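Asks: Data: work-v6.txt, compact mmCIF, C-alpha atoms and all ligand atoms.
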# COMPACT_ATOMS: atom_id res chain seq x y z
CA MET A 1262 -23.18 -3.04 -60.51
CA MET A 1263 -24.63 -0.30 -58.33
CA ARG A 1264 -24.72 3.23 -59.65
CA LEU A 1265 -23.42 6.16 -57.60
CA GLY A 1266 -25.34 9.42 -57.40
CA LEU A 1267 -23.44 12.29 -55.78
CA ASN A 1268 -25.47 14.77 -53.75
CA VAL A 1269 -23.87 18.22 -54.17
CA ASP A 1270 -25.97 20.05 -51.55
CA HIS A 1271 -23.09 20.44 -49.14
CA VAL A 1272 -20.88 22.14 -51.68
CA ALA A 1273 -23.60 24.80 -51.66
CA THR A 1274 -23.69 24.69 -47.85
CA VAL A 1275 -20.05 25.83 -47.77
CA ARG A 1276 -20.81 28.52 -50.34
CA GLU A 1277 -23.73 29.79 -48.26
CA ALA A 1278 -21.44 30.14 -45.24
CA ARG A 1279 -20.38 33.38 -46.99
CA ARG A 1280 -23.35 33.78 -49.34
CA GLY A 1281 -20.87 34.09 -52.18
CA ARG A 1282 -20.11 32.29 -55.41
CA VAL A 1283 -17.69 29.60 -54.29
CA PRO A 1284 -17.51 26.69 -53.99
CA ASP A 1285 -19.93 26.15 -56.84
CA PRO A 1286 -22.10 22.99 -56.73
CA VAL A 1287 -22.43 23.10 -60.52
CA ALA A 1288 -18.63 23.01 -60.98
CA ALA A 1289 -18.49 20.20 -58.41
CA ALA A 1290 -21.06 18.27 -60.43
CA VAL A 1291 -18.98 18.64 -63.60
CA ILE A 1292 -15.81 17.42 -61.88
CA ALA A 1293 -17.71 14.56 -60.22
CA GLU A 1294 -19.05 13.43 -63.59
CA MET A 1295 -15.53 13.58 -65.05
CA SER A 1296 -14.46 11.44 -62.07
CA GLY A 1297 -17.02 8.76 -62.88
CA VAL A 1298 -20.24 9.29 -60.91
CA ASP A 1299 -23.38 7.99 -62.56
CA GLY A 1300 -25.63 10.84 -61.50
CA ILE A 1301 -25.97 14.12 -59.64
CA VAL A 1302 -28.47 14.69 -56.85
CA CYS A 1303 -29.55 18.00 -55.35
CA HIS A 1304 -32.24 18.99 -52.88
CA LEU A 1305 -34.02 22.28 -53.50
CA ARG A 1306 -35.41 23.00 -50.05
CA GLU A 1307 -38.34 25.25 -49.36
CA ASP A 1308 -36.00 27.51 -47.31
CA ARG A 1309 -33.30 27.43 -50.08
CA ARG A 1310 -30.66 27.00 -47.40
CA HIS A 1311 -28.11 25.48 -49.77
CA ILE A 1312 -29.14 24.76 -53.37
CA LYS A 1313 -30.82 27.74 -55.08
CA ASP A 1314 -33.22 27.74 -58.02
CA LYS A 1315 -30.42 29.01 -60.26
CA ASP A 1316 -28.19 26.07 -59.30
CA LEU A 1317 -30.94 23.68 -60.31
CA PHE A 1318 -31.45 25.35 -63.70
CA LEU A 1319 -27.69 25.31 -64.33
CA LEU A 1320 -27.41 21.66 -63.26
CA LYS A 1321 -30.12 20.78 -65.74
CA GLU A 1322 -27.99 22.42 -68.45
CA VAL A 1323 -24.63 20.89 -67.57
CA VAL A 1324 -25.33 17.45 -66.08
CA LYS A 1325 -24.73 14.83 -68.75
CA THR A 1326 -25.36 11.70 -66.69
CA HIS A 1327 -28.58 11.79 -64.67
CA LEU A 1328 -30.09 14.57 -62.59
CA ASN A 1329 -32.13 13.60 -59.55
CA LEU A 1330 -34.00 16.45 -57.84
CA GLU A 1331 -34.97 15.84 -54.23
CA MET A 1332 -37.92 17.94 -53.17
CA ALA A 1333 -40.94 18.17 -50.92
CA ALA A 1334 -44.32 17.29 -52.41
CA THR A 1335 -45.61 20.87 -52.59
CA ASP A 1336 -47.27 22.79 -55.40
CA GLU A 1337 -44.32 25.18 -55.60
CA MET A 1338 -41.82 22.36 -56.08
CA VAL A 1339 -44.01 20.45 -58.53
CA ASN A 1340 -44.20 23.58 -60.70
CA ILE A 1341 -40.41 23.98 -60.61
CA ALA A 1342 -39.88 20.30 -61.43
CA ILE A 1343 -42.24 20.53 -64.40
CA GLU A 1344 -40.36 23.57 -65.65
CA VAL A 1345 -36.88 22.08 -65.22
CA VAL A 1346 -37.70 18.43 -66.08
CA PRO A 1347 -34.90 16.63 -64.22
CA ASP A 1348 -34.46 12.96 -65.13
CA MET A 1349 -35.81 11.93 -61.75
CA VAL A 1350 -37.60 13.52 -58.81
CA THR A 1351 -37.22 12.02 -55.35
CA LEU A 1352 -40.00 13.11 -53.02
CA VAL A 1353 -38.77 13.65 -49.48
CA PRO A 1354 -40.41 14.94 -46.30
CA GLU A 1355 -39.21 18.36 -45.20
CA LYS A 1356 -39.27 20.15 -41.88
CA ARG A 1357 -37.88 23.62 -41.47
CA GLU A 1358 -35.87 23.03 -38.30
CA GLU A 1359 -34.21 19.79 -39.36
CA LEU A 1360 -30.48 19.57 -40.00
CA THR A 1361 -31.06 17.10 -42.81
CA THR A 1362 -33.93 14.98 -44.11
CA GLU A 1363 -35.27 13.15 -41.08
CA GLY A 1364 -37.20 9.96 -41.70
CA GLY A 1365 -38.96 8.84 -44.83
CA LEU A 1366 -42.04 10.14 -46.57
CA ASP A 1367 -45.32 8.99 -45.01
CA VAL A 1368 -47.06 7.74 -48.14
CA VAL A 1369 -49.64 5.75 -46.18
CA SER A 1370 -51.08 8.83 -44.42
CA ASN A 1371 -50.77 11.16 -47.43
CA PHE A 1372 -51.73 8.68 -50.12
CA ASP A 1373 -54.11 10.80 -52.20
CA TRP A 1374 -51.85 13.85 -52.35
CA ILE A 1375 -48.68 11.91 -53.11
CA GLU A 1376 -50.55 9.94 -55.76
CA GLU A 1377 -51.59 13.20 -57.42
CA VAL A 1378 -48.03 14.60 -57.29
CA VAL A 1379 -46.57 11.37 -58.71
CA ARG A 1380 -49.15 11.44 -61.50
CA GLN A 1381 -48.32 15.05 -62.44
CA LEU A 1382 -44.57 14.38 -62.48
CA ARG A 1383 -44.86 11.14 -64.46
CA ASN A 1384 -47.13 12.86 -66.98
CA ASN A 1385 -44.21 15.23 -67.59
CA ASN A 1386 -41.81 12.36 -68.32
CA ILE A 1387 -40.09 12.53 -64.95
CA VAL A 1388 -39.17 9.25 -63.24
CA VAL A 1389 -40.43 9.40 -59.65
CA SER A 1390 -38.78 7.96 -56.58
CA LEU A 1391 -40.13 8.09 -53.02
CA PHE A 1392 -37.73 8.31 -50.08
CA LEU A 1393 -39.08 5.80 -47.56
CA GLU A 1394 -38.23 4.11 -44.31
CA PRO A 1395 -37.67 0.42 -44.99
CA ASP A 1396 -41.28 -0.37 -44.01
CA ILE A 1397 -43.52 -2.78 -45.91
CA ASP A 1398 -46.70 -0.70 -45.62
CA GLN A 1399 -44.95 2.36 -47.06
CA ILE A 1400 -43.48 0.28 -49.88
CA LYS A 1401 -46.84 -1.28 -50.74
CA ALA A 1402 -48.39 2.20 -50.83
CA ALA A 1403 -45.60 3.39 -53.14
CA ALA A 1404 -46.30 0.51 -55.53
CA LYS A 1405 -50.05 1.15 -55.39
CA LEU A 1406 -49.69 4.79 -56.40
CA GLN A 1407 -47.35 3.77 -59.22
CA ALA A 1408 -44.07 5.31 -58.15
CA ASP A 1409 -41.17 4.11 -60.30
CA TYR A 1410 -38.59 3.79 -57.54
CA VAL A 1411 -38.28 3.74 -53.79
CA GLU A 1412 -35.15 5.09 -52.11
CA LEU A 1413 -34.66 3.21 -48.86
CA HIS A 1414 -33.59 5.44 -45.98
CA THR A 1415 -30.30 4.11 -44.59
CA GLY A 1416 -30.09 6.67 -41.77
CA ILE A 1417 -31.02 4.30 -38.94
CA TYR A 1418 -28.50 1.78 -40.27
CA ALA A 1419 -25.79 4.44 -40.58
CA ASN A 1420 -26.41 5.92 -37.12
CA ALA A 1421 -26.89 2.64 -35.23
CA GLU A 1422 -24.91 2.70 -32.00
CA ASP A 1423 -23.79 -0.90 -32.01
CA MET A 1424 -23.16 -3.79 -34.38
CA GLY A 1425 -26.38 -5.53 -33.34
CA GLY A 1426 -28.54 -2.54 -34.21
CA MET A 1427 -26.68 -2.12 -37.45
CA SER A 1428 -27.12 -5.71 -38.55
CA ASP A 1429 -30.83 -5.74 -37.61
CA GLU A 1430 -31.37 -2.65 -39.71
CA LEU A 1431 -29.30 -4.06 -42.56
CA GLU A 1432 -31.60 -7.12 -42.63
CA ARG A 1433 -34.64 -4.86 -42.65
CA ILE A 1434 -33.23 -2.93 -45.61
CA ARG A 1435 -32.40 -6.21 -47.38
CA SER A 1436 -35.87 -7.69 -46.99
CA MET A 1437 -37.58 -4.41 -47.97
CA ALA A 1438 -35.37 -4.16 -51.08
CA MET A 1439 -36.51 -7.66 -52.04
CA GLY A 1440 -40.15 -6.79 -51.30
CA ALA A 1441 -40.00 -3.60 -53.35
CA THR A 1442 -38.46 -5.46 -56.29
CA LYS A 1443 -41.22 -8.08 -56.16
CA LEU A 1444 -43.78 -5.27 -56.32
CA GLY A 1445 -42.12 -4.01 -59.49
CA LEU A 1446 -40.39 -1.00 -57.96
CA GLY A 1447 -36.82 0.05 -58.71
CA VAL A 1448 -34.73 0.36 -55.54
CA SER A 1449 -32.10 2.85 -54.48
CA ALA A 1450 -30.75 3.70 -51.03
CA GLY A 1451 -29.10 6.54 -49.23
CA HIS A 1452 -28.54 8.82 -46.28
CA GLY A 1453 -25.59 8.68 -43.93
CA LEU A 1454 -23.59 6.27 -46.09
CA ASP A 1455 -19.81 6.62 -45.90
CA TYR A 1456 -16.64 4.82 -46.99
CA HIS A 1457 -17.06 2.21 -44.23
CA ASN A 1458 -20.75 1.52 -43.74
CA VAL A 1459 -21.44 1.36 -47.49
CA ARG A 1460 -19.67 -2.00 -47.77
CA ASP A 1461 -22.42 -4.21 -46.32
CA ILE A 1462 -25.08 -2.42 -48.37
CA LEU A 1463 -23.26 -3.56 -51.52
CA ASP A 1464 -24.33 -7.16 -50.85
CA ILE A 1465 -27.98 -6.24 -51.38
CA GLU A 1466 -28.26 -6.96 -55.07
CA GLN A 1467 -31.73 -5.45 -55.50
CA ILE A 1468 -30.33 -1.97 -54.81
CA GLU A 1469 -29.56 -0.34 -58.15
CA GLU A 1470 -28.26 3.01 -56.99
CA LEU A 1471 -26.73 4.70 -53.94
CA ASN A 1472 -27.13 8.41 -53.30
CA ILE A 1473 -24.32 9.77 -51.18
CA GLY A 1474 -23.49 13.35 -50.28
CA HIS A 1475 -21.95 14.38 -46.99
CA SER A 1476 -19.18 11.78 -46.72
CA ILE A 1477 -17.91 12.32 -50.27
CA VAL A 1478 -18.08 16.13 -50.11
CA SER A 1479 -16.29 16.02 -46.74
CA LYS A 1480 -13.50 13.93 -48.19
CA ALA A 1481 -13.35 16.14 -51.27
CA ILE A 1482 -12.53 19.12 -49.04
CA MET A 1483 -9.47 17.22 -47.83
CA VAL A 1484 -8.21 15.38 -50.90
CA GLY A 1485 -10.12 16.79 -53.87
CA MET A 1486 -13.31 15.72 -55.63
CA GLU A 1487 -11.67 13.40 -58.13
CA ARG A 1488 -10.00 11.32 -55.44
CA ALA A 1489 -13.01 11.40 -53.11
CA VAL A 1490 -15.30 10.11 -55.87
CA GLY A 1491 -12.66 7.64 -57.11
CA GLU A 1492 -12.22 6.07 -53.67
CA MET A 1493 -15.98 5.56 -53.30
CA LEU A 1494 -16.26 4.11 -56.81
CA ASP A 1495 -13.39 1.71 -56.04
CA ILE A 1496 -15.39 0.39 -53.07
CA ILE A 1497 -18.68 0.19 -54.92
CA ARG A 1498 -17.28 -1.40 -58.07
CA LYS A 1499 -14.89 -3.85 -56.48
N1 LIG A 1501 -30.90 10.56 -50.24
C1 LIG A 1501 -31.81 11.46 -49.79
C2 LIG A 1501 -33.24 11.28 -50.15
C3 LIG A 1501 -31.39 12.55 -49.00
O1 LIG A 1501 -32.31 13.44 -48.56
C4 LIG A 1501 -30.02 12.73 -48.73
C5 LIG A 1501 -29.55 13.92 -47.96
O2 LIG A 1501 -29.86 15.09 -48.64
C6 LIG A 1501 -29.12 11.78 -49.23
C7 LIG A 1501 -29.59 10.69 -49.96
C8 LIG A 1501 -27.65 11.89 -49.00
O3 LIG A 1501 -27.37 11.76 -47.64
P1 LIG A 1501 -25.90 12.05 -47.10
O4 LIG A 1501 -25.60 13.48 -47.37
O5 LIG A 1501 -26.02 11.72 -45.64
O6 LIG A 1501 -24.99 11.12 -47.84
Please lay out the structure from this file as structure tokens.
Replies:
Amino acid sequence: MMRLGLNVDHVATVREARRGRVPDPVAAAVIAEMSGVDGIVCHLREDRRHIKDKDLFLLKEVVKTHLNLEMAATDEMVNIAIEVVPDMVTLVPEKREELTTEGGLDVVSNFDWIEEVVRQLRNNNIVVSLFLEPDIDQIKAAAKLQADYVELHTGIYANAEDMGGMSDELERIRSMAMGATKLGLGVSAGHGLDYHNVRDILDIEQIEELNIGHSIVSKAIMVGMERAVGEMLDIIRK
């Protein structure tokens, strides 16, 4: 059965609308765990636009399931990760102007640097995942530099304008999940998944974990975190 990781960034986004104390992403993480999620994900961005360093330190203290820190492969972030020691780090590309993470990490072009970052993190007992486009060259590079996991970017699938585009992309994700598994990598997936488009992803048995943020946090605003998480878990675990 697939695991569900909840990304709590957008709880912090609402907090930062007033630069105050509520809503608190750490409290959201606690309620989400009580509601059955398998892990908590947060992205400490270079610009700290939502999650702050303090949130990350508190999440490390309170999360009882599994804490996955998304971050850029920079010296600053590597130092923070080594201090906090989350269960997992997911390396993502980061651009200042973007609304959200756009595209996967280019491991092929940045092989030596990413290899060094992965080595440092793994030496500190952190499981390392690389957020990648479903592309065979990127996946082969991830295996070569000894990443533990790849997280397949589902954004193109989620934003496809028609059924044809969606099913082409679904097949690409499926074959890349199989390829990654054959290369010995663990596989997760995420970005843009919601209560509807997640269903077809569930057929891809190589995917061990889904990381979902915006759709669940959006629903939680309307109906509460417990119900928002529960409805997603009902779909995933059916
Ligand atoms: N996985 C990764 C690597 C991401 O960067 C994000 C967005 O922060 C997500 C999953 C979750 O995406 P969404 O908020 O669209 O569900």
Asks: Sorted by chain and rising residue number, list the residues of chain A at most 7 Å from ligand LIG 1501 (chain A) (counting all atoms listed in the file), each with its closest atom pair and distance in Å to one decimal, as a tab-separated table.
Replies:
residue	atom	partner	partner_atom	distance
A:Asn1268	CA	A:LIG1501	C8	6.0
A:Asp1270	CA	A:LIG1501	O2	6.9
A:His1304	CA	A:LIG1501	O2	6.2
A:Glu1331	CA	A:LIG1501	C2	6.4
A:Thr1351	CA	A:LIG1501	C2	6.6
A:Val1353	CA	A:LIG1501	C2	6.1
A:Thr1361	CA	A:LIG1501	C5	6.2
A:Thr1362	CA	A:LIG1501	O1	5.0
A:Phe1392	CA	A:LIG1501	C2	5.4
A:Glu1412	CA	A:LIG1501	C2	6.8
A:Ala1450	CA	A:LIG1501	N1	6.9
A:Gly1451	CA	A:LIG1501	C7	4.2
A:His1452	CA	A:LIG1501	O3	3.4
A:Gly1453	CA	A:LIG1501	O5	3.5
A:Leu1454	CA	A:LIG1501	O6	5.3
A:Asn1472	CA	A:LIG1501	C7	4.7
A:Ile1473	CA	A:LIG1501	O6	3.7
A:Gly1474	CA	A:LIG1501	O4	3.6
A:His1475	CA	A:LIG1501	O4	3.8
A:Ser1476	CA	A:LIG1501	O6	6.0
Asks: Excluding A:Gly1266 and any residue of its chain fewer than 3 positions from it, enumerate the residues within 8 Å of it, using all atoms listed in the file, and give them as JSON, numbers by chain.
Replies: {"A": [1298, 1299, 1300, 1301, 1302, 1470, 1471, 1472, 1473]}
Asks: Please determine, counting all atoms listed in the file, which residue among A:Arg1433, A:Lys1313, A:His1327, A:Lys1321 has the shortest atom-to-atom distance to A:Arg1264.
Replies: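 Result for the nearest residue to A:Arg1264: A:His1327.
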Asks: Which residue is closest to A:Ser1370? Choose from A:Ser1479, A:Gln1399, A:Thr1335, A:Asn1385 and count all atoms listed in the file.
Replies: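 Going through A:Ser1479, A:Gln1399, A:Thr1335, A:Asn1385 one by one, the smallest distance to A:Ser1370 is for A:Gln1399.
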Asks: Quick one: pull the distance between atom CA of A:Val1484 and atom CA of A:Asp1461, Å, one decimal.
Replies: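 For atom CA of A:Val1484 relative to atom CA of A:Asp1461, the distance reads 24.6 Å.
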Asks: One decimal, in Å: what's the spacing between atom CA of A:Asp1455 and atom CA of A:Ala1481?
Replies: 12.7 Å
Asks: Expressed in Å to a single decimal, how great is the separation between atom CA of A:Met1332 and atom CA of A:Leu1352?
Replies: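 Here the two named atoms are 5.3 Å from each other.
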Asks: Which residue gives the smallest distance to A:Phe1372 among A:Lys1405, A:Glu1359, A:Pro1395, A:Ser1390, with all atoms listed in the file counted?
Replies: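 Smallest distance to A:Phe1372 is found for A:Lys1405.
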Asks: So for stretch 1427-1441 of chain A, what box centre and size do we get, axis-aligned, 3 Å extra on each of the six sides, every listed atom, Å to one decimal, as AutoDock Vina command-line options?
Replies:
--center_x -33.4 --center_y -4.9 --center_z -45.4 --size_x 19.5 --size_y 11.6 --size_z 21.9
Asks: Near A:Gly1491, within 12 Å and counting only C-alpha atoms, which residues show up once chain neighbours fewer than 2 positions away are dropped, as a PDB file with C-alpha atoms, in the frame of the given file?
Replies:
ATOM      1  CA  LEU A1265     -23.420   6.160 -57.600  1.00  0.00           C
ATOM      2  CA  LEU A1267     -23.440  12.290 -55.780  1.00  0.00           C
ATOM      3  CA  ILE A1292     -15.810  17.420 -61.880  1.00  0.00           C
ATOM      4  CA  ALA A1293     -17.710  14.560 -60.220  1.00  0.00           C
ATOM      5  CA  GLU A1294     -19.050  13.430 -63.590  1.00  0.00           C
ATOM      6  CA  MET A1295     -15.530  13.580 -65.050  1.00  0.00           C
ATOM      7  CA  SER A1296     -14.460  11.440 -62.070  1.00  0.00           C
ATOM      8  CA  GLY A1297     -17.020   8.760 -62.880  1.00  0.00           C
ATOM      9  CA  VAL A1298     -20.240   9.290 -60.910  1.00  0.00           C
ATOM     10  CA  TYR A1456     -16.640   4.820 -46.990  1.00  0.00           C
ATOM     11  CA  ILE A1477     -17.910  12.320 -50.270  1.00  0.00           C
ATOM     12  CA  LYS A1480     -13.500  13.930 -48.190  1.00  0.00           C
ATOM     13  CA  ALA A1481     -13.350  16.140 -51.270  1.00  0.00           C
ATOM     14  CA  VAL A1484      -8.210  15.380 -50.900  1.00  0.00           C
ATOM     15  CA  GLY A1485     -10.120  16.790 -53.870  1.00  0.00           C
ATOM     16  CA  MET A1486     -13.310  15.720 -55.630  1.00  0.00           C
ATOM     17  CA  GLU A1487     -11.670  13.400 -58.130  1.00  0.00           C
ATOM     18  CA  ARG A1488     -10.000  11.320 -55.440  1.00  0.00           C
ATOM     19  CA  ALA A1489     -13.010  11.400 -53.110  1.00  0.00           C
ATOM     20  CA  MET A1493     -15.980   5.560 -53.300  1.00  0.00           C
ATOM     21  CA  LEU A1494     -16.260   4.110 -56.810  1.00  0.00           C
ATOM     22  CA  ASP A1495     -13.390   1.710 -56.040  1.00  0.00           C
ATOM     23  CA  ILE A1496     -15.390   0.390 -53.070  1.00  0.00           C
ATOM     24  CA  ILE A1497     -18.680   0.190 -54.920  1.00  0.00           C
ATOM     25  CA  ARG A1498     -17.280  -1.400 -58.070  1.00  0.00           C
ATOM     26  CA  LYS A1499     -14.890  -3.850 -56.480  1.00  0.00           C
TER      27      LYS A1499
END
Asks: Tell me, as an NGL selection string, which residues lie within 7 Å of stretch 1444-1449 of chain A, counting only C-alpha atoms; anything in the same chain fewer than 6 positions away does not count.
Replies: :A and (1404 or 1409-1413 or 1438 or 1467-1471)
Asks: Taking the point (-28.7, 1.0, -42.4) as given in the file, collect each protein or nucleic acid residue that comes within 7 Å of it, counting all atoms listed in the file, and present the set as a VMD selection string.
Replies: chain A and resid 1415 to 1419 1427 1430 to 1431 1434
Asks: When you count all atoms listed in the file, which of these residues is closest to A:Glu1355: A:Val1379, A:Ala1333, A:Ile1341, A:Val1388?
Replies: A:Ala1333
Asks: Which neighbours of stretch 1336-1338 of chain A fall inside 12 Å, counting only C-alpha atoms, when residues of the same chain fewer than 5 positions from it are skipped, and could you give them as a list in words?
Replies: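 Those residues are His1304, Leu1305, Arg1306, Glu1307, Asp1308, Arg1309, Asp1314, Leu1317, Leu1330, Glu1331, Ile1343, Glu1344, Val1345, Val1346, Val1350, Thr1351, Leu1352, Val1353, Glu1355, Trp1374, Ile1375, Glu1377, Val1378, Val1379, Gln1381 and Leu1382 of chain A.
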Asks: Give me the residues near A:Lys1401 as a ChimeraX atom specification, where near means some atom within 9 Å (using only C-alpha atoms) and where sequence neighbours in that chain fewer than 6 positions away do not count.
Replies: /A:1369,1440-1441,1444
Asks: Which is closest to A:Asn1329 among A:Met1424, A:Val1490, A:Val1275, A:Met1349, if we use all atoms listed in the file?
Replies: A:Met1349
Asks: Could you check the closest approach to A:Lys1325 for each of A:Glu1394, A:Asp1348, A:Asp1429, A:Glu1277 and tell me which residue wins, using all atoms listed in the file?
Replies: A:Asp1348
Asks: Residues around (-19.9, 26.5, -55.7), cut-off 8 Å, counting all atoms listed in the file - what are they as a compact mmCIF listing (two decimals) with C-alpha atoms, in the coordinates of the input?
Replies:
# COMPACT_ATOMS: atom_id res chain seq x y z
CA VAL A 1272 -20.88 22.14 -51.68
CA ALA A 1273 -23.60 24.80 -51.66
CA VAL A 1275 -20.05 25.83 -47.77
CA ARG A 1276 -20.81 28.52 -50.34
CA ARG A 1282 -20.11 32.29 -55.41
CA VAL A 1283 -17.69 29.60 -54.29
CA PRO A 1284 -17.51 26.69 -53.99
CA ASP A 1285 -19.93 26.15 -56.84
CA PRO A 1286 -22.10 22.99 -56.73
CA VAL A 1287 -22.43 23.10 -60.52
CA ALA A 1288 -18.63 23.01 -60.98
CA ALA A 1289 -18.49 20.20 -58.41
Asks: Got a sec to write stretch 1267-1275 of chain A of the block to a file, all heavy atoms, as a PDB file, in the first residue's frame?
Replies:
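Output saved as result-v3.pdb:
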ATOM      1  N   LEU A1267       2.309  14.235   3.880  1.00  0.00           N
ATOM      2  CA  LEU A1267       1.605  15.520   3.745  1.00  0.00           C
ATOM      3  C   LEU A1267       2.620  16.660   3.781  1.00  0.00           C
ATOM      4  O   LEU A1267       3.389  16.787   4.743  1.00  0.00           O
ATOM      5  CB  LEU A1267       0.597  15.719   4.885  1.00  0.00           C
ATOM      6  CG  LEU A1267      -0.064  17.114   4.871  1.00  0.00           C
ATOM      7  CD1 LEU A1267      -1.020  17.254   3.691  1.00  0.00           C
ATOM      8  CD2 LEU A1267      -0.760  17.413   6.174  1.00  0.00           C
ATOM      9  N   ASN A1268       2.582  17.490   2.743  1.00  0.00           N
ATOM     10  CA  ASN A1268       3.428  18.686   2.710  1.00  0.00           C
ATOM     11  C   ASN A1268       2.684  19.843   3.387  1.00  0.00           C
ATOM     12  O   ASN A1268       1.590  20.223   2.962  1.00  0.00           O
ATOM     13  CB  ASN A1268       3.745  19.006   1.243  1.00  0.00           C
ATOM     14  CG  ASN A1268       4.636  20.220   1.104  1.00  0.00           C
ATOM     15  OD1 ASN A1268       4.395  21.235   1.745  1.00  0.00           O
ATOM     16  ND2 ASN A1268       5.645  20.136   0.263  1.00  0.00           N
ATOM     17  N   VAL A1269       3.273  20.366   4.464  1.00  0.00           N
ATOM     18  CA  VAL A1269       2.599  21.405   5.267  1.00  0.00           C
ATOM     19  C   VAL A1269       3.031  22.835   4.900  1.00  0.00           C
ATOM     20  O   VAL A1269       2.677  23.789   5.591  1.00  0.00           O
ATOM     21  CB  VAL A1269       2.798  21.171   6.790  1.00  0.00           C
ATOM     22  CG1 VAL A1269       2.104  19.879   7.232  1.00  0.00           C
ATOM     23  CG2 VAL A1269       4.270  21.158   7.190  1.00  0.00           C
ATOM     24  N   ASP A1270       3.753  22.991   3.791  1.00  0.00           N
ATOM     25  CA  ASP A1270       4.223  24.331   3.402  1.00  0.00           C
ATOM     26  C   ASP A1270       3.095  25.360   3.359  1.00  0.00           C
ATOM     27  O   ASP A1270       3.270  26.513   3.755  1.00  0.00           O
ATOM     28  CB  ASP A1270       4.839  24.321   1.994  1.00  0.00           C
ATOM     29  CG  ASP A1270       6.118  23.530   1.912  1.00  0.00           C
ATOM     30  OD1 ASP A1270       6.626  23.099   2.956  1.00  0.00           O
ATOM     31  OD2 ASP A1270       6.603  23.346   0.777  1.00  0.00           O
ATOM     32  N   HIS A1271       1.947  24.941   2.804  1.00  0.00           N
ATOM     33  CA  HIS A1271       0.920  25.949   2.549  1.00  0.00           C
ATOM     34  C   HIS A1271       0.116  26.327   3.783  1.00  0.00           C
ATOM     35  O   HIS A1271      -0.616  27.317   3.765  1.00  0.00           O
ATOM     36  CB  HIS A1271       0.057  25.541   1.360  1.00  0.00           C
ATOM     37  CG  HIS A1271       0.902  25.521   0.116  1.00  0.00           C
ATOM     38  ND1 HIS A1271       1.643  26.611  -0.257  1.00  0.00           N
ATOM     39  CD2 HIS A1271       1.197  24.542  -0.754  1.00  0.00           C
ATOM     40  CE1 HIS A1271       2.344  26.300  -1.345  1.00  0.00           C
ATOM     41  NE2 HIS A1271       2.098  25.051  -1.660  1.00  0.00           N
ATOM     42  N   VAL A1272       0.286  25.579   4.857  1.00  0.00           N
ATOM     43  CA  VAL A1272      -0.225  26.074   6.135  1.00  0.00           C
ATOM     44  C   VAL A1272       0.611  27.300   6.518  1.00  0.00           C
ATOM     45  O   VAL A1272       0.076  28.345   6.919  1.00  0.00           O
ATOM     46  CB  VAL A1272      -0.145  24.972   7.216  1.00  0.00           C
ATOM     47  CG1 VAL A1272      -0.610  25.519   8.560  1.00  0.00           C
ATOM     48  CG2 VAL A1272      -0.962  23.751   6.796  1.00  0.00           C
ATOM     49  N   ALA A1273       1.916  27.182   6.305  1.00  0.00           N
ATOM     50  CA  ALA A1273       2.805  28.321   6.598  1.00  0.00           C
ATOM     51  C   ALA A1273       2.571  29.475   5.624  1.00  0.00           C
ATOM     52  O   ALA A1273       2.726  30.644   5.994  1.00  0.00           O
ATOM     53  CB  ALA A1273       4.260  27.860   6.552  1.00  0.00           C
ATOM     54  N   THR A1274       2.176  29.168   4.399  1.00  0.00           N
ATOM     55  CA  THR A1274       1.875  30.241   3.432  1.00  0.00           C
ATOM     56  C   THR A1274       0.744  31.131   3.958  1.00  0.00           C
ATOM     57  O   THR A1274       0.807  32.360   3.858  1.00  0.00           O
ATOM     58  CB  THR A1274       1.459  29.630   2.070  1.00  0.00           C
ATOM     59  OG1 THR A1274       2.522  28.837   1.583  1.00  0.00           O
ATOM     60  CG2 THR A1274       1.123  30.711   1.056  1.00  0.00           C
ATOM     61  N   VAL A1275      -0.285  30.499   4.523  1.00  0.00           N
ATOM     62  CA  VAL A1275      -1.409  31.277   5.068  1.00  0.00           C
ATOM     63  C   VAL A1275      -0.944  32.084   6.282  1.00  0.00           C
ATOM     64  O   VAL A1275      -1.287  33.255   6.440  1.00  0.00           O
ATOM     65  CB  VAL A1275      -2.600  30.349   5.422  1.00  0.00           C
ATOM     66  CG1 VAL A1275      -3.740  31.137   6.055  1.00  0.00           C
ATOM     67  CG2 VAL A1275      -3.095  29.623   4.176  1.00  0.00           C
TER      68      VAL A1275
END
